[in-house]
$ cat final03.tsv   # TSV, C-alpha atoms
chain	number	residue	atom	x	y	z
A	227	MET	CA	81.69	87.14	63.64
A	228	THR	CA	83.64	89.93	65.30
A	229	GLU	CA	87.11	89.03	66.41
A	230	GLN	CA	88.30	90.26	69.77
A	231	THR	CA	91.18	92.72	69.40
A	232	PRO	CA	94.01	93.18	71.93
A	233	GLN	CA	92.35	96.48	72.99
A	234	ASP	CA	89.25	94.52	74.08
A	235	GLU	CA	91.23	92.44	76.60
A	236	PRO	CA	91.65	95.01	79.41
A	237	ARG	CA	87.96	95.97	79.11
A	238	GLU	CA	86.95	92.30	79.32
A	239	LYS	CA	89.13	91.84	82.40
A	240	GLN	CA	87.47	94.83	84.05
A	241	LYS	CA	83.99	93.41	83.38
A	242	ARG	CA	84.76	90.09	85.13
A	243	GLU	CA	83.70	90.26	88.75
A	244	PRO	CA	86.86	90.19	90.92
A	245	ARG	CA	87.06	87.26	93.36
A	246	ASP	CA	87.12	89.64	96.32
A	247	ALA	CA	84.09	91.73	95.24
A	248	ALA	CA	81.74	90.40	97.94
A	249	TYR	CA	84.25	90.82	100.77
A	250	TRP	CA	84.68	94.60	100.73
A	251	ALA	CA	82.42	97.30	102.15
A	252	LYS	CA	80.75	99.49	99.53
A	253	TYR	CA	81.87	103.10	99.42
A	254	ALA	CA	79.82	105.57	101.42
A	255	GLU	CA	80.78	109.15	102.19
A	256	THR	CA	79.87	108.76	105.87
A	257	LEU	CA	79.01	105.97	108.28
A	258	LYS	CA	75.45	105.03	109.10
A	259	VAL	CA	74.49	103.07	112.21
A	260	ALA	CA	71.60	100.72	111.35
A	261	GLY	CA	70.33	100.19	114.87
A	262	VAL	CA	71.45	101.14	118.36
A	263	ALA	CA	71.58	98.22	120.77
A	264	GLU	CA	70.44	98.74	124.35
A	265	GLY	CA	73.21	100.26	126.39
A	266	ALA	CA	75.08	101.63	123.38
A	267	THR	CA	75.49	105.31	122.65
A	268	ASN	CA	75.56	106.55	119.09
A	269	ILE	CA	77.08	110.00	119.42
A	270	ASN	CA	80.43	109.72	117.64
A	271	VAL	CA	79.78	107.40	114.71
A	272	ASP	CA	76.74	108.31	112.63
A	273	GLY	CA	77.70	110.85	109.97
A	274	ARG	CA	81.44	110.46	110.56
A	275	ARG	CA	83.86	109.52	107.79
A	276	ALA	CA	85.96	106.36	108.06
A	277	VAL	CA	89.66	107.15	108.42
A	278	GLY	CA	92.73	105.09	107.54
A	279	PRO	CA	96.37	105.20	108.66
A	280	LEU	CA	97.08	108.02	106.21
A	281	GLN	CA	94.57	110.42	107.81
A	282	GLY	CA	95.86	110.27	111.40
A	283	PHE	CA	98.12	112.64	113.32
A	284	GLY	CA	100.66	110.54	115.26
A	285	LYS	CA	103.42	108.09	114.41
A	286	MET	CA	102.30	105.10	112.34
A	287	TRP	CA	102.48	101.73	114.05
A	288	GLN	CA	102.04	98.16	112.88
A	289	LYS	CA	101.36	95.90	115.85
A	290	THR	CA	100.96	92.17	115.41
A	291	TYR	CA	99.59	89.87	118.10
A	292	ARG	CA	99.43	86.16	117.42
A	293	VAL	CA	98.81	82.87	119.13
A	294	GLY	CA	99.30	79.34	117.81
A	295	LEU	CA	96.35	77.07	118.51
A	296	VAL	CA	98.68	74.22	119.37
A	297	GLY	CA	97.20	70.80	120.03
A	298	THR	CA	93.93	71.43	118.20
A	299	GLU	CA	92.74	70.48	114.74
A	300	VAL	CA	90.68	73.61	114.30
A	301	THR	CA	90.94	75.13	110.83
A	302	PRO	CA	91.49	78.83	110.00
A	303	VAL	CA	87.93	79.03	108.68
A	304	GLU	CA	86.57	77.68	111.98
A	305	VAL	CA	88.72	80.14	113.95
A	306	ILE	CA	87.39	83.14	112.05
A	307	LYS	CA	83.79	81.91	112.17
A	308	THR	CA	84.09	81.54	115.95
A	309	TRP	CA	85.78	84.92	116.29
A	310	LYS	CA	83.07	86.73	114.28
A	311	GLU	CA	80.25	85.03	116.20
A	312	ASN	CA	81.77	85.69	119.62
A	313	TYR	CA	83.74	88.88	119.02
A	314	GLN	CA	82.43	90.69	122.12
A	315	GLU	CA	82.91	87.63	124.34
A	316	PHE	CA	86.66	87.58	123.72
A	317	TRP	CA	87.16	91.23	124.66
A	318	PRO	CA	88.48	91.86	128.16
A	319	GLU	CA	86.08	93.36	130.71
A	320	GLY	CA	85.67	97.11	130.73
A	321	ASN	CA	85.14	97.44	127.00
A	322	ARG	CA	81.93	96.66	125.15
A	323	PHE	CA	81.48	95.91	121.44
A	324	TYR	CA	77.87	96.11	120.23
A	325	ALA	CA	77.85	93.85	117.18
A	326	PRO	CA	75.73	94.94	114.22
A	327	LEU	CA	72.42	93.07	113.87
A	328	ALA	CA	73.65	91.59	110.60
A	329	GLY	CA	76.83	90.39	112.29
A	330	ILE	CA	80.38	91.12	111.21
A	331	ALA	CA	79.79	91.59	107.49
A	332	PRO	CA	81.25	94.09	104.98
A	333	GLY	CA	79.90	97.62	105.44
A	334	GLU	CA	78.27	96.97	108.83
A	335	VAL	CA	78.92	99.49	111.61
A	336	ALA	CA	79.37	98.52	115.25
A	337	LEU	CA	79.29	100.73	118.34
A	338	ILE	CA	81.89	100.53	121.08
A	339	SER	CA	82.01	101.79	124.63
A	340	GLY	CA	85.28	101.70	126.46
A	341	SER	CA	87.71	103.74	128.46
A	342	LEU	CA	90.93	105.62	127.82
A	343	PRO	CA	93.98	106.01	130.10
A	344	GLY	CA	92.87	107.91	133.18
A	345	GLY	CA	89.45	106.27	133.18
A	346	VAL	CA	87.90	108.61	130.60
A	347	LYS	CA	84.76	106.97	129.16
A	348	LEU	CA	84.60	106.68	125.41
A	349	SER	CA	81.77	106.05	122.94
A	350	THR	CA	82.86	105.31	119.42
A	351	GLY	CA	82.56	102.53	116.82
A	352	VAL	CA	84.06	100.79	113.83
A	353	MET	CA	83.06	99.84	110.30
A	354	VAL	CA	83.61	96.35	108.89
A	355	LEU	CA	85.93	97.20	106.01
A	356	TYR	CA	86.51	93.63	104.81
A	357	ALA	CA	85.35	90.16	105.74
A	358	ASP	CA	85.99	86.78	104.17
A	359	ASP	CA	86.19	83.26	105.59
A	360	GLU	CA	89.71	83.62	106.93
A	361	SER	CA	89.95	87.26	107.97
A	362	PHE	CA	88.03	90.42	108.72
A	363	SER	CA	89.10	94.04	109.15
A	364	LEU	CA	87.58	96.87	111.14
A	365	MET	CA	88.18	100.50	110.14
A	366	THR	CA	87.85	103.42	112.52
A	367	PRO	CA	85.75	106.60	112.24
A	368	GLU	CA	86.84	110.20	112.79
A	369	GLY	CA	87.21	110.80	116.52
A	370	HIS	CA	88.26	107.27	117.41
A	371	PRO	CA	91.60	107.11	119.30
A	372	PHE	CA	93.11	105.46	116.23
A	373	SER	CA	93.03	106.33	112.56
A	374	GLY	CA	93.46	103.03	110.75
A	375	TRP	CA	92.30	99.48	110.74
A	376	ILE	CA	92.79	96.19	112.53
A	377	THR	CA	92.79	92.87	110.69
A	378	PHE	CA	91.89	89.63	112.40
A	379	SER	CA	93.03	86.57	110.52
A	380	SER	CA	93.82	82.92	110.83
A	381	PHE	CA	96.18	80.83	108.72
A	382	GLU	CA	98.08	77.56	108.93
A	383	GLU	CA	101.70	77.48	109.94
A	384	GLU	CA	103.51	74.15	110.13
A	385	GLY	CA	100.22	72.31	110.44
A	386	THR	CA	98.79	74.49	113.23
A	387	ALA	CA	96.17	77.21	112.95
A	388	VAL	CA	97.43	80.61	114.09
A	389	ALA	CA	95.09	83.40	115.17
A	390	GLN	CA	96.39	86.90	114.57
A	391	ALA	CA	95.32	90.49	115.14
A	392	GLN	CA	97.29	93.16	113.27
A	393	VAL	CA	96.79	96.87	113.80
A	394	LEU	CA	97.96	99.50	111.31
A	395	MET	CA	97.25	102.94	112.68
A	396	ARG	CA	98.21	106.43	113.79
A	397	ALA	CA	96.79	108.21	116.83
A	398	ASN	CA	93.95	110.30	115.42
A	399	ASP	CA	94.87	113.63	117.05
A	400	PRO	CA	97.49	115.25	119.35
A	401	LEU	CA	95.61	114.35	122.54
A	402	TYR	CA	95.38	110.68	121.60
A	403	GLU	CA	99.06	110.69	120.60
A	404	MET	CA	99.94	111.97	124.07
A	405	GLY	CA	97.68	109.35	125.59
A	406	LEU	CA	99.42	106.59	123.65
A	407	ARG	CA	102.81	107.74	124.88
A	408	MET	CA	101.56	107.95	128.48
A	409	GLY	CA	100.36	104.39	128.84
A	410	GLY	CA	97.98	103.95	125.93
A	411	HIS	CA	100.31	101.68	123.97
A	412	LYS	CA	100.66	99.38	126.93
A	413	MET	CA	96.88	99.34	127.46
A	414	GLU	CA	96.32	98.45	123.86
A	415	ASP	CA	98.93	95.67	123.85
A	416	GLU	CA	97.31	94.27	126.98
A	417	MET	CA	93.84	94.40	125.45
A	418	TRP	CA	94.78	92.39	122.37
A	419	ARG	CA	96.91	89.98	124.37
A	420	MET	CA	93.93	89.23	126.58
A	421	THR	CA	91.59	89.01	123.57
A	422	LEU	CA	93.78	86.42	121.87
A	423	GLU	CA	94.22	84.50	125.12
A	424	ASN	CA	90.42	84.39	125.48
A	425	LEU	CA	90.04	83.22	121.89
A	426	ALA	CA	92.67	80.51	122.39
A	427	ALA	CA	91.05	79.41	125.67
A	428	HIS	CA	87.79	78.92	123.76
A	429	PHE	CA	89.64	76.13	121.91
A	430	ASP	CA	91.18	74.92	125.18
A	431	VAL	CA	94.60	76.31	124.25
A	432	HIS	CA	96.76	78.15	126.74
A	433	GLU	CA	99.76	79.26	124.69
A	434	PRO	CA	101.48	82.65	125.15
A	435	VAL	CA	100.57	85.47	122.79
A	436	GLU	CA	103.49	86.84	120.75
A	437	THR	CA	103.63	90.58	120.16
A	438	ASN	CA	105.62	92.36	117.46
A	439	VAL	CA	105.57	96.16	117.23
A	440	VAL	CA	107.04	98.14	114.34
A	441	CYS	CA	107.07	101.91	113.97
A	442	VAL	CA	106.28	102.15	110.26
A	443	ASP	CA	106.56	105.94	110.15
A	444	PRO	CA	108.01	107.99	113.03
A	445	ARG	CA	106.85	111.28	111.50
A	446	ILE	CA	103.99	113.23	113.03
A	447	GLN	CA	101.45	114.53	110.50
A	448	TRP	CA	101.13	117.99	112.03
A	449	SER	CA	98.60	119.09	109.40
A	450	GLN	CA	96.09	116.63	110.91
A	451	TYR	CA	95.99	118.41	114.30
A	452	ARG	CA	92.45	119.55	113.48
A	453	ASN	CA	91.25	115.96	113.91
A	454	VAL	CA	90.90	116.88	117.60
A	455	TRP	CA	87.58	118.55	116.67
A	456	HIS	CA	86.02	115.07	116.43
A	457	ASN	CA	87.79	113.63	119.51
A	458	ALA	CA	85.34	111.00	120.78
A	459	GLY	CA	86.79	111.10	124.31
A	460	ILE	CA	86.04	114.81	124.68
A	461	ARG	CA	82.63	114.52	123.02
A	462	SER	CA	81.74	111.51	125.19
A	463	ALA	CA	82.69	113.48	128.32
A	464	ILE	CA	80.58	116.48	127.22
A	465	TYR	CA	77.68	114.13	126.50
A	466	SER	CA	77.95	112.65	130.01
A	467	PHE	CA	78.17	116.04	131.72
A	468	THR	CA	75.14	117.35	129.83
A	469	ALA	CA	72.96	114.30	130.62
A	470	PRO	CA	71.00	116.20	133.34
A	471	LEU	CA	70.17	118.96	130.83
A	472	ARG	CA	68.83	116.40	128.34
A	473	TRP	CA	66.80	114.78	131.11
A	474	ARG	CA	65.22	118.14	131.96
A	475	ARG	CA	64.49	118.83	128.30
A	476	ASN	CA	63.01	115.41	127.62
A	477	ARG	CA	60.94	114.87	130.76
A	478	PRO	CA	57.19	114.81	130.21
A	479	GLU	CA	55.23	118.02	130.93
A	480	ARG	CA	53.51	117.92	134.33
B	785	MET	CA	103.72	79.97	105.17
B	786	PRO	CA	101.60	79.83	101.99
B	787	GLU	CA	103.33	80.94	98.78
B	788	ALA	CA	102.64	84.34	97.32
B	789	GLN	CA	100.19	84.04	94.43
B	790	VAL	CA	101.58	87.09	92.70
B	791	LYS	CA	104.18	88.00	90.08
B	792	MET	CA	105.70	91.43	89.65
B	793	LYS	CA	107.75	92.77	86.80
B	794	VAL	CA	109.75	95.99	86.81
B	795	ARG	CA	110.11	98.27	83.76
B	796	GLU	CA	111.67	101.65	83.23
B	797	ALA	CA	109.40	104.50	82.24
B	798	GLY	CA	111.53	107.44	81.27
B	799	GLU	CA	114.49	108.80	83.18
B	800	LYS	CA	112.84	109.31	86.53
B	801	ALA	CA	110.16	106.63	86.83
B	802	SER	CA	109.74	102.86	87.05
B	803	ILE	CA	106.65	100.73	86.55
B	804	ILE	CA	105.85	97.66	88.64
B	805	ASP	CA	103.38	95.38	86.83
B	806	ILE	CA	101.36	93.41	89.39
B	807	GLU	CA	99.82	90.12	88.28
B	808	GLY	CA	97.80	87.95	90.65
B	809	ASP	CA	96.79	88.34	94.29
B	810	LEU	CA	97.82	91.16	96.60
B	811	THR	CA	97.66	89.74	100.12
B	812	ALA	CA	99.99	89.65	103.13
B	813	PHE	CA	101.96	86.87	101.43
B	814	ALA	CA	102.94	89.27	98.63
B	815	GLU	CA	105.06	91.43	100.94
B	816	THR	CA	108.47	90.05	100.01
B	817	VAL	CA	107.68	90.06	96.29
B	818	LEU	CA	106.45	93.67	96.45
B	819	MET	CA	109.40	94.95	98.44
B	820	ASP	CA	111.87	93.12	96.17
B	821	ALA	CA	110.17	94.71	93.16
B	822	TYR	CA	110.41	98.13	94.79
B	823	ASN	CA	114.12	97.66	95.53
B	824	GLN	CA	114.64	96.74	91.89
B	825	ALA	CA	112.54	99.67	90.66
B	826	SER	CA	114.22	102.28	92.79
B	827	ASP	CA	117.71	103.57	92.13
B	828	GLY	CA	119.29	106.93	92.94
B	829	ARG	CA	117.54	108.66	90.04
B	830	THR	CA	114.03	107.25	90.49
B	831	ARG	CA	111.57	109.95	91.51
B	832	ALA	CA	108.35	108.05	90.89
B	833	ILE	CA	107.08	104.51	91.18
B	834	ILE	CA	104.05	103.55	89.10
B	835	LEU	CA	101.99	100.50	90.04
B	836	ASN	CA	100.14	98.83	87.17
B	837	PHE	CA	97.03	97.07	88.47
B	838	GLU	CA	95.63	95.88	85.11
B	839	ASP	CA	96.33	92.24	85.97
B	840	LEU	CA	95.38	92.38	89.64
B	841	GLU	CA	93.01	89.49	90.32
B	842	TYR	CA	92.42	89.67	94.06
B	843	MET	CA	93.21	91.99	96.96
B	844	ASN	CA	92.28	91.71	100.62
B	845	SER	CA	92.71	94.22	103.43
B	846	SER	CA	96.23	92.97	104.17
B	847	GLY	CA	97.09	93.78	100.56
B	848	ILE	CA	95.89	97.34	101.07
B	849	GLY	CA	98.02	97.49	104.22
B	850	LEU	CA	101.05	96.56	102.09
B	851	LEU	CA	100.33	99.53	99.82
B	852	VAL	CA	100.27	101.82	102.86
B	853	THR	CA	103.67	100.61	104.09
B	854	LEU	CA	105.06	100.84	100.55
B	855	LEU	CA	103.78	104.42	100.30
B	856	ILE	CA	105.53	105.35	103.56
B	857	ARG	CA	108.77	103.86	102.29
B	858	ILE	CA	108.45	105.68	98.97
B	859	ASN	CA	107.73	109.01	100.65
B	860	ARG	CA	110.74	108.54	102.92
B	861	GLU	CA	112.88	108.40	99.75
B	862	LYS	CA	111.18	111.62	98.56
B	863	GLN	CA	109.57	109.67	95.72
B	864	GLN	CA	106.02	109.70	94.44
B	865	LEU	CA	103.62	106.75	94.10
B	866	LEU	CA	101.19	106.64	91.17
B	867	THR	CA	98.84	103.96	89.87
B	868	TYR	CA	96.91	103.01	86.75
B	869	GLY	CA	94.85	100.05	85.58
B	870	LEU	CA	92.54	100.02	88.59
B	871	SER	CA	89.10	98.64	87.79
B	872	ASP	CA	86.02	100.44	89.13
B	873	HIS	CA	85.91	97.91	91.97
B	874	TYR	CA	89.50	98.60	93.07
B	875	ARG	CA	89.10	102.37	92.65
B	876	SER	CA	86.19	102.09	95.05
B	877	ILE	CA	88.44	100.25	97.53
B	878	PHE	CA	91.03	103.01	97.27
B	879	GLN	CA	88.20	105.45	98.11
B	880	ILE	CA	86.84	103.44	101.04
B	881	THR	CA	90.32	103.04	102.57
B	882	ARG	CA	91.14	106.72	101.81
B	883	LEU	CA	94.27	105.67	99.91
B	884	ASP	CA	93.16	107.99	97.11
B	885	ASP	CA	93.97	110.91	99.41
B	886	ALA	CA	97.65	110.15	98.98
B	887	ILE	CA	98.10	107.94	95.91
B	888	ALA	CA	97.44	109.36	92.44
B	889	ILE	CA	95.14	107.22	90.26
B	890	HIS	CA	95.49	107.52	86.49
B	891	ASP	CA	93.45	106.11	83.64
B	892	SER	CA	96.32	104.84	81.51
B	893	GLU	CA	100.03	104.08	81.50
B	894	ASP	CA	100.73	107.08	79.26
B	895	GLU	CA	98.95	109.42	81.62
B	896	ALA	CA	100.75	107.99	84.67
B	897	VAL	CA	104.16	108.16	83.00
B	898	ARG	CA	103.56	111.77	81.88
B	899	ALA	CA	102.54	112.74	85.42
B	900	ALA	CA	105.55	110.91	86.87
B	901	ASN	CA	108.06	112.58	84.60
B	902	LEU	CA	106.61	116.02	85.24
B	903	ALA	CA	107.06	115.65	89.02
$ encode --input "final03.tsv" --output "structure tokens"
Amino acid sequence: MTEQTPQDEPREKQKREPRDAAYWAKYAETLKVAGVAEGATNINVDGRRAVGPLQGFGKMWQKTYRVGLVGTEVTPVEVIKTWKENYQEFWPEGNRFYAPLAGIAPGEVALISGSLPGGVKLSTGVMVLYADDESFSLMTPEGHPFSGWITFSSFEEEGTAVAQAQVLMRANDPLYEMGLRMGGHKMEDEMWRMTLENLAAHFDVHEPVETNVVCVDPRIQWSQYRNVWHNAGIRSAIYSFTAPLRWRRNRPER
Amino acid sequence: MPEAQVKMKVREAGEKASIIDIEGDLTAFAETVLMDAYNQASDGRTRAIILNFEDLEYMNSSGIGLLVTLLIRINREKQQLLTYGLSDHYRSIFQITRLDDAIAIHDSEDEAVRAANLA
């Protein structure tokens, strides 16, 4: 019988499947949209790379929005299950999340249509980076206003379930960074405040949402200015303006 | 708040580097333990921090977020962050989250320590 030597231990550890293996997206060089729901536009997601907080241009922010589901006996698992199943329903009006057919599951890609400060229409999306029973995270593609991810989670605090959304991101390019400074931050805070209020109201809770904003890194990453090439706001606008040309090209021959 | 399910130990690795051995789960609840370990690992002479992931058992996306904020803090001190002991699974996560763009991944402690002391 062969005895296991100390050198075999690390290799054995590596072979054991980690407990989180099923919760993470698998690596892919670029994003692939499995199906385009009616009303969604897939012009700034397919073929794009996912980007994290290290790839963006602007200052890095960590923003935490949370609400205590006081007076209910709902569990964190139930909160996240509800949130995944009704994700679009909790978003405020004016923004649309087209959930993947397979639901919010690791590796799935969702399309988003929304608007930026100034009323600029935006077509973009997100990838489900991570999803377990008590949290899920969405990671952004090149061209999205943010380079980073947002984690939705629920946990117990002093016997009450808390629902939380935490963003870790930089503005993707110089234009988005300007937009954030000119009202974008406020718009974003408002969006997640309303989202959490809607989620809480689903459980018949009407508690205030707490917001905590930390500037993790005030430095601008000037070398990432080229990210503007993928700017989804600009590309969405060009797509809209050129709609008549596509109509002419695609109309049936008389 | 739930307790952190992680232990971290700090060791010196040459004149300019320290190793933080991570054992257990890297989640949001590990923040205080990680930052305490970093404070212990970093003195005026430290130029590189090496994270040993050989005994990492679980990491969620909040855990990855902790690594990002640690990296920012390390860079602010003009230090370097290196890693070793990542399994194929966790290397893949570093790739998906693009952390490998900024954090060096080495195959062994010796390799990481050599790279750290050359910096």
$ atom_distance --input "final03.tsv" --atom1 "CA of Ile877 (chain B)" --atom2 "CA of Ala331 (chain A)"
15.8 Å
$ interface_residues --input "final03.tsv" --of "chain A" --to "chain B" --cutoff "9 Å" --atoms "all atoms listed in the file" --output "PDB file with C-alpha atoms, in the coordinates of the input"
ATOM      1  CA  PRO A 236      91.650  95.010  79.410  1.00  0.00           C
ATOM      2  CA  LYS A 239      89.130  91.840  82.400  1.00  0.00           C
ATOM      3  CA  GLN A 240      87.470  94.830  84.050  1.00  0.00           C
ATOM      4  CA  LYS A 241      83.990  93.410  83.380  1.00  0.00           C
ATOM      5  CA  GLU A 243      83.700  90.260  88.750  1.00  0.00           C
ATOM      6  CA  PRO A 244      86.860  90.190  90.920  1.00  0.00           C
ATOM      7  CA  ARG A 245      87.060  87.260  93.360  1.00  0.00           C
ATOM      8  CA  ASP A 246      87.120  89.640  96.320  1.00  0.00           C
ATOM      9  CA  ALA A 247      84.090  91.730  95.240  1.00  0.00           C
ATOM     10  CA  TYR A 249      84.250  90.820 100.770  1.00  0.00           C
ATOM     11  CA  TRP A 250      84.680  94.600 100.730  1.00  0.00           C
ATOM     12  CA  ALA A 251      82.420  97.300 102.150  1.00  0.00           C
ATOM     13  CA  LYS A 252      80.750  99.490  99.530  1.00  0.00           C
ATOM     14  CA  TYR A 253      81.870 103.100  99.420  1.00  0.00           C
ATOM     15  CA  ALA A 254      79.820 105.570 101.420  1.00  0.00           C
ATOM     16  CA  GLU A 255      80.780 109.150 102.190  1.00  0.00           C
ATOM     17  CA  ALA A 276      85.960 106.360 108.060  1.00  0.00           C
ATOM     18  CA  VAL A 277      89.660 107.150 108.420  1.00  0.00           C
ATOM     19  CA  GLY A 278      92.730 105.090 107.540  1.00  0.00           C
ATOM     20  CA  PRO A 279      96.370 105.200 108.660  1.00  0.00           C
ATOM     21  CA  LEU A 280      97.080 108.020 106.210  1.00  0.00           C
ATOM     22  CA  GLN A 281      94.570 110.420 107.810  1.00  0.00           C
ATOM     23  CA  LEU A 355      85.930  97.200 106.010  1.00  0.00           C
ATOM     24  CA  TYR A 356      86.510  93.630 104.810  1.00  0.00           C
ATOM     25  CA  ALA A 357      85.350  90.160 105.740  1.00  0.00           C
ATOM     26  CA  ASP A 358      85.990  86.780 104.170  1.00  0.00           C
ATOM     27  CA  SER A 361      89.950  87.260 107.970  1.00  0.00           C
ATOM     28  CA  PHE A 362      88.030  90.420 108.720  1.00  0.00           C
ATOM     29  CA  SER A 363      89.100  94.040 109.150  1.00  0.00           C
ATOM     30  CA  MET A 365      88.180 100.500 110.140  1.00  0.00           C
ATOM     31  CA  GLY A 374      93.460 103.030 110.750  1.00  0.00           C
ATOM     32  CA  TRP A 375      92.300  99.480 110.740  1.00  0.00           C
ATOM     33  CA  THR A 377      92.790  92.870 110.690  1.00  0.00           C
ATOM     34  CA  PHE A 381      96.180  80.830 108.720  1.00  0.00           C
ATOM     35  CA  GLU A 382      98.080  77.560 108.930  1.00  0.00           C
ATOM     36  CA  GLU A 383     101.700  77.480 109.940  1.00  0.00           C
ATOM     37  CA  GLU A 384     103.510  74.150 110.130  1.00  0.00           C
ATOM     38  CA  LEU A 394      97.960  99.500 111.310  1.00  0.00           C
ATOM     39  CA  VAL A 442     106.280 102.150 110.260  1.00  0.00           C
ATOM     40  CA  ASP A 443     106.560 105.940 110.150  1.00  0.00           C
TER      41      ASP A 443
END
$ atom_distance --input "final03.tsv" --atom1 "CA of Leu337 (chain A)" --atom2 "CA of Val303 (chain A)"
25.3 Å
$ atom_distance --input "final03.tsv" --atom1 "CA of Ile803 (chain B)" --atom2 "CA of Ile889 (chain B)"
13.7 Å
$ residues_around --input "final03.tsv" --residues "Lys800 (chain B)" --least-positions-apart "5" --cutoff "9 Å" --atoms "all atoms listed in the file" --output "PyMOL selection string"
chain B and resi 829-833+900-901+903
$ write_last_selection --input "final03.tsv" --atoms "C-alpha atoms" --output "PDB file, keeping the file's coordinate frame"
ATOM      1  CA  ARG B 829     117.540 108.660  90.040  1.00  0.00           C
ATOM      2  CA  THR B 830     114.030 107.250  90.490  1.00  0.00           C
ATOM      3  CA  ARG B 831     111.570 109.950  91.510  1.00  0.00           C
ATOM      4  CA  ALA B 832     108.350 108.050  90.890  1.00  0.00           C
ATOM      5  CA  ILE B 833     107.080 104.510  91.180  1.00  0.00           C
ATOM      6  CA  ALA B 900     105.550 110.910  86.870  1.00  0.00           C
ATOM      7  CA  ASN B 901     108.060 112.580  84.600  1.00  0.00           C
ATOM      8  CA  ALA B 903     107.060 115.650  89.020  1.00  0.00           C
TER       9      ALA B 903
END
$ closest_residue --input "final03.tsv" --among "B:Thr811, B:Ser826, B:Asn836, B:Ser892" --to "Lys793 (chain B)" --atoms "only C-alpha atoms"
B:Asn836
$ axis_aligned_box --input "final03.tsv" --around "region 373-377 of chain A" --padding-each-side "3 Å" --output "AutoDock Vina command-line options"
--center_x 92.9 --center_y 99.6 --center_z 111.6 --size_x 7.2 --size_y 19.5 --size_z 7.9
$ residues_around --input "final03.tsv" --residues "Gln450 (chain A)" --least-positions-apart "6" --cutoff "10 Å" --atoms "only C-alpha atoms" --output "PyMOL selection string"
chain A and resi 280-284+398-400
$ residues_around --input "final03.tsv" --residues "Cys441 (chain A)" --least-positions-apart "2" --cutoff "7 Å" --atoms "all atoms listed in the file" --output "mmCIF file with C-alpha atoms, in the coordinates of the input"
data_model
loop_
_atom_site.group_PDB
_atom_site.id
_atom_site.type_symbol
_atom_site.label_atom_id
_atom_site.label_comp_id
_atom_site.auth_asym_id
_atom_site.auth_seq_id
_atom_site.Cartn_x
_atom_site.Cartn_y
_atom_site.Cartn_z
ATOM 1 C CA MET A 286 102.300 105.100 112.340
ATOM 2 C CA TRP A 287 102.480 101.730 114.050
ATOM 3 C CA GLN A 288 102.040 98.160 112.880
ATOM 4 C CA VAL A 439 105.570 96.160 117.230
ATOM 5 C CA ASP A 443 106.560 105.940 110.150
ATOM 6 C CA PRO A 444 108.010 107.990 113.030
#
$ closest_residue --input "final03.tsv" --among "A:Thr301, A:Thr308, A:Thr350, A:Thr256" --to "Phe323 (chain A)" --atoms "all atoms listed in the file"
A:Thr350
$ closest_residue --input "final03.tsv" --among "A:Arg461, A:Lys347, A:His432, A:Lys289" --to "Glu414 (chain A)" --atoms "all atoms listed in the file"
A:Lys289
$ residues_near_point --input "final03.tsv" --point "(100.6, 100.6, 93.9)" --cutoff "9 Å" --atoms "all atoms listed in the file" --output "ChimeraX atom specification"
/B:804,806,833-837,851,854-855,865-868,887
$ decode --input "final03.tsv" --residues "region 863-873 of chain B" --atoms "N, CA and C atoms" --output "PDB file, in the first residue's frame"
ATOM      1  N   GLN B 863       3.094  49.308  -2.577  1.00  0.00           N
ATOM      2  CA  GLN B 863       3.494  47.911  -2.412  1.00  0.00           C
ATOM      3  C   GLN B 863       2.905  47.095  -3.556  1.00  0.00           C
ATOM      4  N   GLN B 864       3.346  45.840  -3.606  1.00  0.00           N
ATOM      5  CA  GLN B 864       2.892  44.932  -4.653  1.00  0.00           C
ATOM      6  C   GLN B 864       2.101  43.795  -4.009  1.00  0.00           C
ATOM      7  N   LEU B 865       1.096  43.269  -4.715  1.00  0.00           N
ATOM      8  CA  LEU B 865       0.331  42.129  -4.195  1.00  0.00           C
ATOM      9  C   LEU B 865       0.571  40.918  -5.099  1.00  0.00           C
ATOM     10  N   LEU B 866       1.000  39.816  -4.496  1.00  0.00           N
ATOM     11  CA  LEU B 866       1.239  38.585  -5.251  1.00  0.00           C
ATOM     12  C   LEU B 866       0.450  37.457  -4.588  1.00  0.00           C
ATOM     13  N   THR B 867       0.252  36.383  -5.321  1.00  0.00           N
ATOM     14  CA  THR B 867      -0.480  35.243  -4.765  1.00  0.00           C
ATOM     15  C   THR B 867       0.189  33.937  -5.197  1.00  0.00           C
ATOM     16  N   TYR B 868      -0.081  32.889  -4.419  1.00  0.00           N
ATOM     17  CA  TYR B 868       0.255  31.525  -4.857  1.00  0.00           C
ATOM     18  C   TYR B 868      -0.724  30.572  -4.182  1.00  0.00           C
ATOM     19  N   GLY B 869      -0.718  29.320  -4.626  1.00  0.00           N
ATOM     20  CA  GLY B 869      -1.590  28.326  -4.000  1.00  0.00           C
ATOM     21  C   GLY B 869      -3.013  28.326  -4.514  1.00  0.00           C
ATOM     22  N   LEU B 870      -3.273  29.090  -5.595  1.00  0.00           N
ATOM     23  CA  LEU B 870      -4.627  29.097  -6.151  1.00  0.00           C
ATOM     24  C   LEU B 870      -4.865  27.809  -6.924  1.00  0.00           C
ATOM     25  N   SER B 871      -5.982  27.156  -6.637  1.00  0.00           N
ATOM     26  CA  SER B 871      -6.362  25.975  -7.418  1.00  0.00           C
ATOM     27  C   SER B 871      -6.817  26.436  -8.805  1.00  0.00           C
ATOM     28  N   ASP B 872      -7.006  25.477  -9.707  1.00  0.00           N
ATOM     29  CA  ASP B 872      -7.480  25.823 -11.056  1.00  0.00           C
ATOM     30  C   ASP B 872      -8.805  26.578 -10.982  1.00  0.00           C
ATOM     31  N   HIS B 873      -9.670  26.139 -10.078  1.00  0.00           N
ATOM     32  CA  HIS B 873     -10.979  26.784  -9.906  1.00  0.00           C
ATOM     33  C   HIS B 873     -10.806  28.256  -9.534  1.00  0.00           C
TER      34      HIS B 873
END
